[in-house]
Amino acid sequence: MAIDKEFDLQGNNISVIYESDFQGLAKLRILQLTDNHIYTIEKDALHDLISLERLDLSHNALTAVPKRAFKGAPALRSLQLDNNQITCLDEGAVKGLTELEIMTLNNNNITTLPRDMFAGMPRLRALRLSENPFACDCHLSWLARYLKNASRLAPYTRCHSPGQLKGQNVADLHEQDFKCSGKCADGQRERSVLIQVLCPHPCRCADGIVDCREKSLNTVPSTLPEDTTELRLEQNYITEIPPKAFANHRRLKRIDLSNNNISRVAYDAFSGLKSLTSLVLYGNKIKDLPASVFKGLTSLQLLLLNANEISCVRRDAFKVPHNILLVCDNR
């Protein structure tokens with residue numbers, strides 16, 4: 001790709017930044033991705049952007065910023081994340097960005113921030129955190145201390161809760177104003193929020209279930225909350241199950257991909273799912289299955305392949321546990 005200094009992709013329909021999207025763009029300095037529908041950035045997606053200085057991801061659908069999300073872009077000077085749906089930033093989200101001068105997180109859903117997350121940014125001169133529902137309890141007292149020592153940073157950063165502090169400027173509060181009720185280890189609040197991060201947009205996530213039914217998805221979500229045990233993807237427009245699609249989510253016990261448009265299944269699509277007990281693939285357009293595609297699914301009890309177009313079954317395709325209920329009437 002003949003792109004040298006600037007790449008402007010604003011105002012498109014991009015939803016995922018894949019690992020391979022910006023490969024080979026080592027000279028790129030400005031990347032404009034505002035006004036898309038981006039809800040996730042794959043690990044190492046920015047790996048080759050060693051010269052990138054400005055990244056604008058504002059006005060998207062990001063719900064979380066995971067650990068080392070910007071690894072591979074150590075020269076970043078400006079990072080804009082305004083107007084997303086971010087609820088939490090991992091404590092290592094911006095680790096290594098020692099050249100950062102501008103960081104904006106206005107108008108998100110952030111209630112707390114990891115302790116001392118800006119400590120490794122000696123050049124930071126503009127920080128914006130307004131219009132976030134900050135919970136000003138004992139876990140956020142560090143931010144008040146930080147802002148007192150850097151009076152020009154993050155003006156209009158206000159508390160949303162508790163009630164007696166609502167609307168007050170965080171930098172104006174004193175140490176004793178930040179209180180936690182009951183016995184709670186420092187950082188517990190952050191961990192409880194992290195359990196819910198990485199819920200793919202526009203799905204709903206609760207109690208280990210990721211519900212993406214009828215969400216007009218075209219691809220299998222690349223990120224899921226760590227506690228996910230059940231994934232509901234029925235009645236979407238997914239066309240393929242890519243290699244190692246669920247390899248990072250080994251707690252999965254049930255996957256429902258029924259009534260999509262799936263015609264291709266990678267031979268290692270279900271690699272690593274030793275806890276999977278139920279796999280539902282009925283109502284798709286699958287014509288054949290790779291050899292050993294279900295290999296390693298040692299806990300599988302239910303496999304539904306009916307209402308597909310399977311006419312050729314490869315040798316070893318159905319190497320599955322003996323106690324499985326297999327339904328695969330096809331046309």
# chains A, B, ... in the order shown; residues from 1 in each chain; ligands from 1

call {"tool": "residues_around", "arguments": {"residues": "Ile286 (chain A)", "least_positions_apart": "4", "cutoff": "10 Å", "atoms": "only C-alpha atoms", "output": "VMD selection string"}}
result
chain A and resid 239 to 240 261 to 265 281 to 282 305 to 311 330

call {"tool": "select_by_dssp", "arguments": {"residues": "region 43-286 of chain A", "states": "alpha helix (DSSP H)", "output": "short mmCIF file (atom, residue, chain, number, x, y, z; two decimals) with C-alpha atoms, in the first residue's frame"}}
result
data_model
loop_
_atom_site.label_atom_id
_atom_site.label_comp_id
_atom_site.auth_asym_id
_atom_site.auth_seq_id
_atom_site.Cartn_x
_atom_site.Cartn_y
_atom_site.Cartn_z
CA SER A 141 -8.08 9.71 45.34
CA TRP A 142 -4.81 9.34 43.41
CA LEU A 143 -6.32 11.31 40.51
CA ALA A 144 -7.05 14.29 42.73
CA ARG A 145 -3.45 14.31 43.93
CA TYR A 146 -2.18 14.04 40.37
CA LEU A 147 -4.35 16.90 39.08
CA LYS A 148 -3.38 19.16 41.98
CA GLN A 188 -11.29 -4.32 43.71
CA ARG A 189 -13.53 -1.82 42.00
CA GLU A 190 -11.30 -1.82 38.93
CA ARG A 191 -11.31 -5.61 38.77
CA SER A 192 -15.10 -5.81 38.99
CA VAL A 193 -15.43 -3.38 36.12
CA LEU A 194 -12.84 -5.25 34.06
#

call {"tool": "select_by_dssp", "arguments": {"residues": "region 8-231 of chain A", "states": "strand (DSSP E or B)", "output": "ChimeraX atom specification"}}
result
/A:8,16-17,30-32,40-41,54-56,64-65,78-80,88-89,102-104,126-128,134-135,158-161,169,204-206,209-211,230-231

call {"tool": "atom_distance", "arguments": {"atom1": "CA of Asn107 (chain A)", "atom2": "CA of Cys136 (chain A)"}}
result
17.0 Å

call {"tool": "closest_residue", "arguments": {"among": "A:Leu302, A:Ile238, A:Cys205, A:Leu165", "to": "Leu217 (chain A)", "atoms": "only C-alpha atoms"}}
result
A:Ile238

call {"tool": "residues_around", "arguments": {"residues": "Leu140 (chain A)", "least_positions_apart": "3", "cutoff": "12 Å", "atoms": "only C-alpha atoms", "output": "PyMOL selection string"}}
result
chain A and resi 110-117+134-137+143-147+157-159+161+170-171+173-180+186-187+189-190

call {"tool": "atom_distance", "arguments": {"atom1": "CA of Gly72 (chain A)", "atom2": "CA of Tyr39 (chain A)"}}
result
19.7 Å

call {"tool": "atom_distance", "arguments": {"atom1": "CA of Leu105 (chain A)", "atom2": "CA of Arg152 (chain A)"}}
result
15.8 Å
